[in-house]
$ cat data13.txt   # compact mmCIF, N, CA and C atoms
# COMPACT_ATOMS: atom_id res chain seq x y z
N MET A 4 33.21 35.72 0.02
CA MET A 4 32.90 34.79 1.08
C MET A 4 31.83 33.78 0.64
N GLN A 5 30.79 34.26 -0.07
CA GLN A 5 29.74 33.38 -0.52
C GLN A 5 30.26 32.36 -1.53
N ALA A 6 31.18 32.77 -2.41
CA ALA A 6 31.77 31.86 -3.37
C ALA A 6 32.57 30.77 -2.66
N LEU A 7 33.28 31.12 -1.62
CA LEU A 7 34.05 30.16 -0.85
C LEU A 7 33.12 29.15 -0.18
N PHE A 8 32.00 29.62 0.38
CA PHE A 8 31.05 28.73 1.04
C PHE A 8 30.43 27.76 0.05
N SER A 9 30.03 28.24 -1.13
CA SER A 9 29.42 27.35 -2.12
C SER A 9 30.42 26.31 -2.60
N THR A 10 31.70 26.66 -2.72
CA THR A 10 32.73 25.71 -3.12
C THR A 10 32.91 24.65 -2.03
N MET A 11 32.87 25.07 -0.77
CA MET A 11 33.04 24.14 0.34
C MET A 11 31.89 23.14 0.40
N THR A 12 30.67 23.59 0.20
CA THR A 12 29.54 22.68 0.30
C THR A 12 29.56 21.66 -0.83
N GLU A 13 30.04 22.04 -2.02
CA GLU A 13 30.13 21.09 -3.11
C GLU A 13 31.14 19.99 -2.79
N LYS A 14 32.24 20.33 -2.15
CA LYS A 14 33.26 19.34 -1.83
C LYS A 14 32.83 18.45 -0.67
N VAL A 15 32.00 18.97 0.24
CA VAL A 15 31.58 18.21 1.41
C VAL A 15 30.52 17.18 1.04
N GLN A 16 29.71 17.46 0.03
CA GLN A 16 28.64 16.55 -0.37
C GLN A 16 29.22 15.20 -0.77
N GLN A 17 28.50 14.15 -0.41
CA GLN A 17 28.95 12.81 -0.75
C GLN A 17 28.65 12.53 -2.21
N PRO A 18 29.47 11.71 -2.85
CA PRO A 18 29.22 11.42 -4.26
C PRO A 18 27.93 10.61 -4.43
N MET A 19 27.24 10.88 -5.53
CA MET A 19 26.00 10.18 -5.82
C MET A 19 26.30 8.79 -6.36
N THR A 20 25.43 7.86 -6.03
CA THR A 20 25.55 6.54 -6.63
C THR A 20 25.05 6.62 -8.07
N ASP A 21 25.45 5.66 -8.87
CA ASP A 21 25.01 5.65 -10.27
C ASP A 21 23.49 5.55 -10.36
N PHE A 22 22.89 4.74 -9.51
CA PHE A 22 21.44 4.59 -9.54
C PHE A 22 20.74 5.90 -9.23
N ARG A 23 21.21 6.59 -8.20
CA ARG A 23 20.62 7.88 -7.82
C ARG A 23 20.77 8.89 -8.94
N ARG A 24 21.94 8.91 -9.58
CA ARG A 24 22.19 9.84 -10.68
C ARG A 24 21.24 9.55 -11.85
N LEU A 25 21.05 8.27 -12.16
CA LEU A 25 20.15 7.90 -13.26
C LEU A 25 18.70 8.30 -12.94
N CYS A 26 18.31 8.11 -11.67
CA CYS A 26 16.96 8.50 -11.27
C CYS A 26 16.75 10.00 -11.40
N LEU A 27 17.72 10.77 -10.96
CA LEU A 27 17.60 12.22 -11.06
C LEU A 27 17.56 12.67 -12.52
N GLU A 28 18.37 12.06 -13.37
CA GLU A 28 18.35 12.41 -14.80
C GLU A 28 17.01 12.06 -15.42
N ALA A 29 16.48 10.90 -15.08
CA ALA A 29 15.19 10.49 -15.63
C ALA A 29 14.07 11.40 -15.13
N GLU A 30 14.17 11.80 -13.86
CA GLU A 30 13.17 12.70 -13.29
C GLU A 30 13.19 14.06 -13.99
N LYS A 31 14.39 14.56 -14.30
CA LYS A 31 14.51 15.85 -15.00
C LYS A 31 13.92 15.76 -16.40
N LYS A 32 14.05 14.60 -17.03
CA LYS A 32 13.55 14.42 -18.40
C LYS A 32 12.10 13.93 -18.42
N ASP A 33 11.46 13.83 -17.24
CA ASP A 33 10.09 13.31 -17.12
C ASP A 33 9.96 11.90 -17.67
N GLU A 34 11.00 11.09 -17.53
CA GLU A 34 10.96 9.72 -17.99
C GLU A 34 10.75 8.74 -16.85
N LEU A 35 10.72 9.22 -15.63
CA LEU A 35 10.67 8.33 -14.48
C LEU A 35 9.38 7.52 -14.45
N ASP A 36 8.25 8.12 -14.73
CA ASP A 36 6.99 7.39 -14.70
C ASP A 36 6.86 6.44 -15.89
N ALA A 37 7.52 6.74 -16.98
CA ALA A 37 7.42 5.92 -18.18
C ALA A 37 8.36 4.73 -18.16
N ALA A 38 9.31 4.71 -17.26
CA ALA A 38 10.28 3.62 -17.21
C ALA A 38 9.60 2.35 -16.74
N PRO A 39 9.79 1.23 -17.46
CA PRO A 39 9.15 -0.01 -17.05
C PRO A 39 9.79 -0.56 -15.78
N ASP A 40 8.99 -1.26 -15.01
CA ASP A 40 9.47 -1.89 -13.79
C ASP A 40 9.36 -3.39 -13.98
N ASP A 41 10.47 -4.08 -13.97
CA ASP A 41 10.48 -5.52 -14.24
C ASP A 41 9.74 -6.32 -13.17
N MET A 42 9.60 -5.76 -11.99
CA MET A 42 8.99 -6.50 -10.89
C MET A 42 7.49 -6.68 -11.07
N ASP A 43 6.80 -5.73 -11.67
CA ASP A 43 5.34 -5.82 -11.75
C ASP A 43 4.80 -5.51 -13.14
N ASP A 44 5.52 -5.89 -14.16
CA ASP A 44 5.09 -5.70 -15.55
C ASP A 44 4.76 -4.26 -15.89
N GLY A 45 5.43 -3.31 -15.26
CA GLY A 45 5.24 -1.91 -15.59
C GLY A 45 4.07 -1.25 -14.91
N GLN A 46 3.32 -1.98 -14.10
CA GLN A 46 2.17 -1.39 -13.42
C GLN A 46 2.56 -1.06 -11.99
N GLN A 47 2.32 0.16 -11.60
CA GLN A 47 2.61 0.57 -10.23
C GLN A 47 1.37 0.30 -9.38
N PRO A 48 1.54 -0.17 -8.13
CA PRO A 48 0.38 -0.42 -7.30
C PRO A 48 -0.38 0.87 -6.99
N ALA A 49 -1.70 0.77 -6.93
CA ALA A 49 -2.53 1.94 -6.67
C ALA A 49 -2.34 2.44 -5.25
N SER A 50 -2.05 1.55 -4.34
CA SER A 50 -1.87 1.95 -2.96
C SER A 50 -1.00 0.93 -2.26
N GLN A 51 -0.73 1.18 -1.00
CA GLN A 51 0.08 0.22 -0.25
C GLN A 51 -0.71 -1.04 0.06
N TYR A 52 -2.00 -1.03 -0.19
CA TYR A 52 -2.85 -2.19 0.07
C TYR A 52 -3.13 -2.99 -1.20
N ALA A 53 -2.39 -2.75 -2.26
CA ALA A 53 -2.62 -3.44 -3.53
C ALA A 53 -2.47 -4.95 -3.37
N GLY A 54 -1.51 -5.39 -2.58
CA GLY A 54 -1.32 -6.83 -2.35
C GLY A 54 -2.51 -7.44 -1.62
N ASP A 55 -3.02 -6.73 -0.61
CA ASP A 55 -4.19 -7.22 0.12
C ASP A 55 -5.41 -7.29 -0.81
N ILE A 56 -5.57 -6.28 -1.64
CA ILE A 56 -6.71 -6.25 -2.57
C ILE A 56 -6.61 -7.40 -3.55
N LYS A 57 -5.42 -7.66 -4.04
CA LYS A 57 -5.20 -8.77 -4.98
C LYS A 57 -5.53 -10.11 -4.31
N ARG A 58 -5.10 -10.28 -3.04
CA ARG A 58 -5.40 -11.53 -2.31
C ARG A 58 -6.90 -11.68 -2.09
N LEU A 59 -7.59 -10.58 -1.80
CA LEU A 59 -9.05 -10.63 -1.65
C LEU A 59 -9.72 -11.05 -2.96
N GLU A 60 -9.27 -10.47 -4.06
CA GLU A 60 -9.82 -10.82 -5.37
C GLU A 60 -9.61 -12.31 -5.66
N ASP A 61 -8.42 -12.80 -5.39
CA ASP A 61 -8.11 -14.21 -5.66
C ASP A 61 -8.93 -15.15 -4.78
N ALA A 62 -9.05 -14.81 -3.50
CA ALA A 62 -9.73 -15.69 -2.55
C ALA A 62 -11.25 -15.64 -2.68
N LEU A 63 -11.80 -14.47 -2.90
CA LEU A 63 -13.25 -14.33 -2.87
C LEU A 63 -13.92 -14.24 -4.24
N PHE A 64 -13.17 -13.79 -5.24
CA PHE A 64 -13.78 -13.55 -6.55
C PHE A 64 -13.08 -14.31 -7.67
N ASP A 65 -12.37 -15.37 -7.34
CA ASP A 65 -11.66 -16.20 -8.32
C ASP A 65 -10.75 -15.39 -9.23
N GLY A 66 -10.12 -14.36 -8.69
CA GLY A 66 -9.17 -13.56 -9.45
C GLY A 66 -9.78 -12.44 -10.25
N HIS A 67 -11.11 -12.34 -10.27
CA HIS A 67 -11.76 -11.24 -10.99
C HIS A 67 -11.59 -9.95 -10.20
N PRO A 68 -11.40 -8.82 -10.89
CA PRO A 68 -11.19 -7.55 -10.18
C PRO A 68 -12.45 -7.10 -9.45
N LEU A 69 -12.22 -6.38 -8.35
CA LEU A 69 -13.34 -5.82 -7.59
C LEU A 69 -14.03 -4.74 -8.41
N VAL A 70 -15.34 -4.69 -8.30
CA VAL A 70 -16.15 -3.74 -9.06
C VAL A 70 -16.70 -2.70 -8.10
N SER A 71 -16.70 -1.46 -8.53
CA SER A 71 -17.27 -0.38 -7.72
C SER A 71 -18.73 -0.71 -7.40
N GLY A 72 -19.10 -0.52 -6.16
CA GLY A 72 -20.45 -0.85 -5.71
C GLY A 72 -20.52 -2.19 -5.03
N SER A 73 -19.43 -2.96 -5.04
CA SER A 73 -19.40 -4.26 -4.38
C SER A 73 -19.39 -4.09 -2.87
N CYS A 74 -19.89 -5.11 -2.19
CA CYS A 74 -19.88 -5.13 -0.73
C CYS A 74 -19.33 -6.48 -0.29
N ILE A 75 -18.30 -6.47 0.53
CA ILE A 75 -17.69 -7.69 1.02
C ILE A 75 -18.04 -7.82 2.51
N ASN A 76 -18.76 -8.88 2.85
CA ASN A 76 -19.06 -9.20 4.24
C ASN A 76 -18.21 -10.40 4.62
N ILE A 77 -17.35 -10.23 5.62
CA ILE A 77 -16.40 -11.28 5.96
C ILE A 77 -16.13 -11.24 7.46
N THR A 78 -15.83 -12.41 8.02
CA THR A 78 -15.47 -12.44 9.44
C THR A 78 -14.00 -12.07 9.60
N LEU A 79 -13.67 -11.61 10.76
CA LEU A 79 -12.28 -11.24 11.04
C LEU A 79 -11.36 -12.44 10.88
N GLN A 80 -11.78 -13.61 11.31
CA GLN A 80 -10.95 -14.81 11.20
C GLN A 80 -10.66 -15.16 9.74
N GLU A 81 -11.67 -15.07 8.88
CA GLU A 81 -11.47 -15.34 7.45
C GLU A 81 -10.52 -14.32 6.83
N LEU A 82 -10.72 -13.05 7.18
CA LEU A 82 -9.89 -11.98 6.62
C LEU A 82 -8.43 -12.12 7.06
N LEU A 83 -8.22 -12.55 8.30
CA LEU A 83 -6.85 -12.74 8.78
C LEU A 83 -6.15 -13.88 8.06
N LYS A 84 -6.90 -14.88 7.60
CA LYS A 84 -6.31 -15.96 6.81
C LYS A 84 -5.88 -15.46 5.44
N ILE A 85 -6.66 -14.55 4.86
CA ILE A 85 -6.37 -14.02 3.53
C ILE A 85 -5.30 -12.94 3.59
N CYS A 86 -5.44 -12.02 4.54
CA CYS A 86 -4.52 -10.89 4.70
C CYS A 86 -4.00 -10.86 6.14
N PRO A 87 -2.95 -11.61 6.43
CA PRO A 87 -2.47 -11.69 7.82
C PRO A 87 -1.99 -10.35 8.36
N ARG A 88 -2.21 -10.15 9.64
CA ARG A 88 -1.76 -8.96 10.36
C ARG A 88 -1.17 -9.39 11.69
N LYS A 89 -0.23 -8.59 12.19
CA LYS A 89 0.31 -8.86 13.53
C LYS A 89 -0.75 -8.57 14.58
N ARG A 90 -1.45 -7.46 14.41
CA ARG A 90 -2.53 -7.10 15.34
C ARG A 90 -3.80 -7.75 14.83
N ARG A 91 -4.34 -8.66 15.60
CA ARG A 91 -5.49 -9.45 15.16
C ARG A 91 -6.80 -8.81 15.62
N ARG A 92 -7.02 -7.57 15.21
CA ARG A 92 -8.22 -6.83 15.56
C ARG A 92 -8.79 -6.18 14.31
N ARG A 93 -10.06 -5.79 14.36
CA ARG A 93 -10.70 -5.14 13.21
C ARG A 93 -10.00 -3.86 12.82
N ASP A 94 -9.51 -3.11 13.82
CA ASP A 94 -8.90 -1.82 13.50
C ASP A 94 -7.59 -1.97 12.72
N ALA A 95 -7.04 -3.17 12.64
CA ALA A 95 -5.84 -3.39 11.85
C ALA A 95 -6.15 -3.28 10.35
N PHE A 96 -7.41 -3.32 9.99
CA PHE A 96 -7.82 -3.27 8.59
C PHE A 96 -8.45 -1.93 8.20
N GLN A 97 -8.31 -0.91 9.03
CA GLN A 97 -8.90 0.39 8.72
C GLN A 97 -8.35 0.99 7.43
N GLY A 98 -7.05 0.88 7.23
CA GLY A 98 -6.44 1.40 6.01
C GLY A 98 -6.94 0.69 4.77
N LEU A 99 -7.07 -0.63 4.87
CA LEU A 99 -7.60 -1.42 3.75
C LEU A 99 -9.04 -1.03 3.47
N GLN A 100 -9.83 -0.85 4.53
CA GLN A 100 -11.22 -0.43 4.34
C GLN A 100 -11.30 0.92 3.64
N LYS A 101 -10.45 1.84 4.04
CA LYS A 101 -10.44 3.18 3.44
C LYS A 101 -10.03 3.10 1.97
N SER A 102 -9.00 2.30 1.68
CA SER A 102 -8.54 2.16 0.30
C SER A 102 -9.62 1.54 -0.58
N LEU A 103 -10.29 0.52 -0.06
CA LEU A 103 -11.39 -0.09 -0.82
C LEU A 103 -12.56 0.88 -0.98
N ASN A 104 -12.83 1.66 0.05
CA ASN A 104 -13.91 2.63 -0.01
C ASN A 104 -13.66 3.66 -1.12
N GLU A 105 -12.39 4.05 -1.29
CA GLU A 105 -12.04 4.98 -2.37
C GLU A 105 -12.28 4.37 -3.74
N MET A 106 -12.25 3.02 -3.81
CA MET A 106 -12.53 2.31 -5.06
C MET A 106 -14.03 2.07 -5.25
N GLY A 107 -14.83 2.43 -4.23
CA GLY A 107 -16.27 2.21 -4.29
C GLY A 107 -16.68 0.84 -3.77
N VAL A 108 -15.80 0.18 -3.02
CA VAL A 108 -16.08 -1.15 -2.49
C VAL A 108 -16.20 -1.05 -0.97
N THR A 109 -17.25 -1.66 -0.42
CA THR A 109 -17.47 -1.65 1.02
C THR A 109 -16.96 -2.95 1.63
N LEU A 110 -16.17 -2.84 2.70
CA LEU A 110 -15.66 -4.01 3.41
C LEU A 110 -16.25 -4.00 4.82
N ASN A 111 -17.13 -4.96 5.10
CA ASN A 111 -17.73 -5.12 6.43
C ASN A 111 -17.06 -6.30 7.11
N ILE A 112 -16.44 -6.04 8.26
CA ILE A 112 -15.74 -7.09 9.00
C ILE A 112 -16.52 -7.40 10.26
N LYS A 113 -16.93 -8.66 10.41
CA LYS A 113 -17.63 -9.09 11.61
C LYS A 113 -16.63 -9.78 12.52
N SER A 114 -16.66 -9.40 13.79
CA SER A 114 -15.81 -10.08 14.77
C SER A 114 -16.70 -10.65 15.87
N ARG A 115 -16.19 -11.64 16.58
CA ARG A 115 -16.97 -12.24 17.67
C ARG A 115 -17.28 -11.19 18.75
N LYS A 116 -16.35 -10.27 18.95
CA LYS A 116 -16.55 -9.22 19.96
C LYS A 116 -17.73 -8.33 19.57
N ASN A 117 -17.83 -7.98 18.30
CA ASN A 117 -18.94 -7.14 17.82
C ASN A 117 -20.27 -7.88 17.94
N GLU A 118 -20.29 -9.16 17.58
CA GLU A 118 -21.53 -9.92 17.65
C GLU A 118 -22.04 -10.02 19.07
N LYS A 119 -21.14 -10.20 20.05
CA LYS A 119 -21.54 -10.29 21.45
C LYS A 119 -22.12 -8.96 21.93
N SER A 120 -21.49 -7.86 21.53
CA SER A 120 -21.99 -6.56 21.99
C SER A 120 -23.35 -6.24 21.36
N LEU A 121 -23.59 -6.72 20.15
CA LEU A 121 -24.87 -6.48 19.50
C LEU A 121 -25.98 -7.33 20.14
N VAL A 122 -25.64 -8.56 20.52
CA VAL A 122 -26.63 -9.47 21.12
C VAL A 122 -26.98 -9.01 22.54
N ASN A 123 -25.95 -8.64 23.32
CA ASN A 123 -26.17 -8.26 24.71
C ASN A 123 -26.69 -6.84 24.88
N GLY A 124 -26.45 -6.01 23.91
CA GLY A 124 -26.71 -4.63 24.18
C GLY A 124 -27.70 -3.97 23.39

$ encode --input "data13.txt" --output "C-alpha cells"
Amino acid sequence: MQALFSTMTEKVQQPMTDFRRLCLEAEKKDELDAAPDDMDDGQQPASQYAGDIKRLEDALFDGHPLVSGSCINITLQELLKICPRKRRRRDAFQGLQKSLNEMGVTLNIKSRKNEKSLVNG
C-alpha cells in the first residue's frame, strides 16, 4: 500500500521548470551563493533597505559609503524626497532605522509634529 501511495504522489506532482531544477541542483552542490548575478555585479543586497541606504549615501555623502558611528539628522520632508514612501510618517522609516542601526549608523528624523509637541509640552 505504501509503495502504491509513493508512486501516486510522484505522478501527481507538477513537473519542475528548468530554472527551478537548475536552482535545486546548484543548491545541492553549494554553488547557489557563488553564482554571479548579472543584475548587481554579483553583490547581494545586505537587506531589503539596501536601495534606500544607497540613495542616502548618494544624496547626503556624495556616494561615499556610510561609516559606523555616523549620525544622520534629517527632516521627514527631506527623507521622503530621497526615499519615497506611501505612508508619509516617521514610523514608515522604522525598518530603515533598524537596518542602519545594525550597521552602527543612527538616523534621527525630525517631523513638524514632533517639533510642535516638544515646544508645547

$ atom_distance --input "data13.txt" --atom1 "CA of Val108 (chain A)" --atom2 "CA of Gln80 (chain A)"
20.0 Å

$ closest_residue --input "data13.txt" --among "A:Leu99, A:Arg24, A:Leu79, A:Arg93" --to "Asp55 (chain A)" --atoms "all atoms listed in the file"
A:Leu99

$ closest_residue --input "data13.txt" --among "A:Leu110, A:Leu103, A:Ala53, A:Leu59" --to "Cys74 (chain A)" --atoms "all atoms listed in the file"
A:Leu110

$ closest_residue --input "data13.txt" --among "A:Lys101, A:Thr78, A:Ile56, A:Pro87" --to "Lys116 (chain A)" --atoms "only C-alpha atoms"
A:Thr78

$ atom_distance --input "data13.txt" --atom1 "CA of Gly72 (chain A)" --atom2 "CA of Tyr52 (chain A)"
18.6 Å

$ atom_distance --input "data13.txt" --atom1 "CA of Arg92 (chain A)" --atom2 "atom N of Ile112 (chain A)"
11.0 Å

$ residues_around --input "data13.txt" --residues "Lys57 (chain A)" --least-positions-apart "5" --cutoff "9 Å" --atoms "only C-alpha atoms" --output "PyMOL selection string"
chain A and resi 52+62+66+68

$ write_last_selection --input "data13.txt" --atoms "N, CA and C atoms" --output "PDB file, in the coordinates of the input"
ATOM      1  N   TYR A  52      -2.000  -1.030  -0.190  1.00  0.00           N
ATOM      2  CA  TYR A  52      -2.850  -2.190   0.070  1.00  0.00           C
ATOM      3  C   TYR A  52      -3.130  -2.990  -1.200  1.00  0.00           C
ATOM      4  N   ALA A  62      -9.050 -14.810  -3.500  1.00  0.00           N
ATOM      5  CA  ALA A  62      -9.730 -15.690  -2.550  1.00  0.00           C
ATOM      6  C   ALA A  62     -11.250 -15.640  -2.680  1.00  0.00           C
ATOM      7  N   GLY A  66     -10.120 -14.360  -8.690  1.00  0.00           N
ATOM      8  CA  GLY A  66      -9.170 -13.560  -9.450  1.00  0.00           C
ATOM      9  C   GLY A  66      -9.780 -12.440 -10.250  1.00  0.00           C
ATOM     10  N   PRO A  68     -11.400  -8.820 -10.890  1.00  0.00           N
ATOM     11  CA  PRO A  68     -11.190  -7.550 -10.180  1.00  0.00           C
ATOM     12  C   PRO A  68     -12.450  -7.100  -9.450  1.00  0.00           C
TER      13      PRO A  68
END
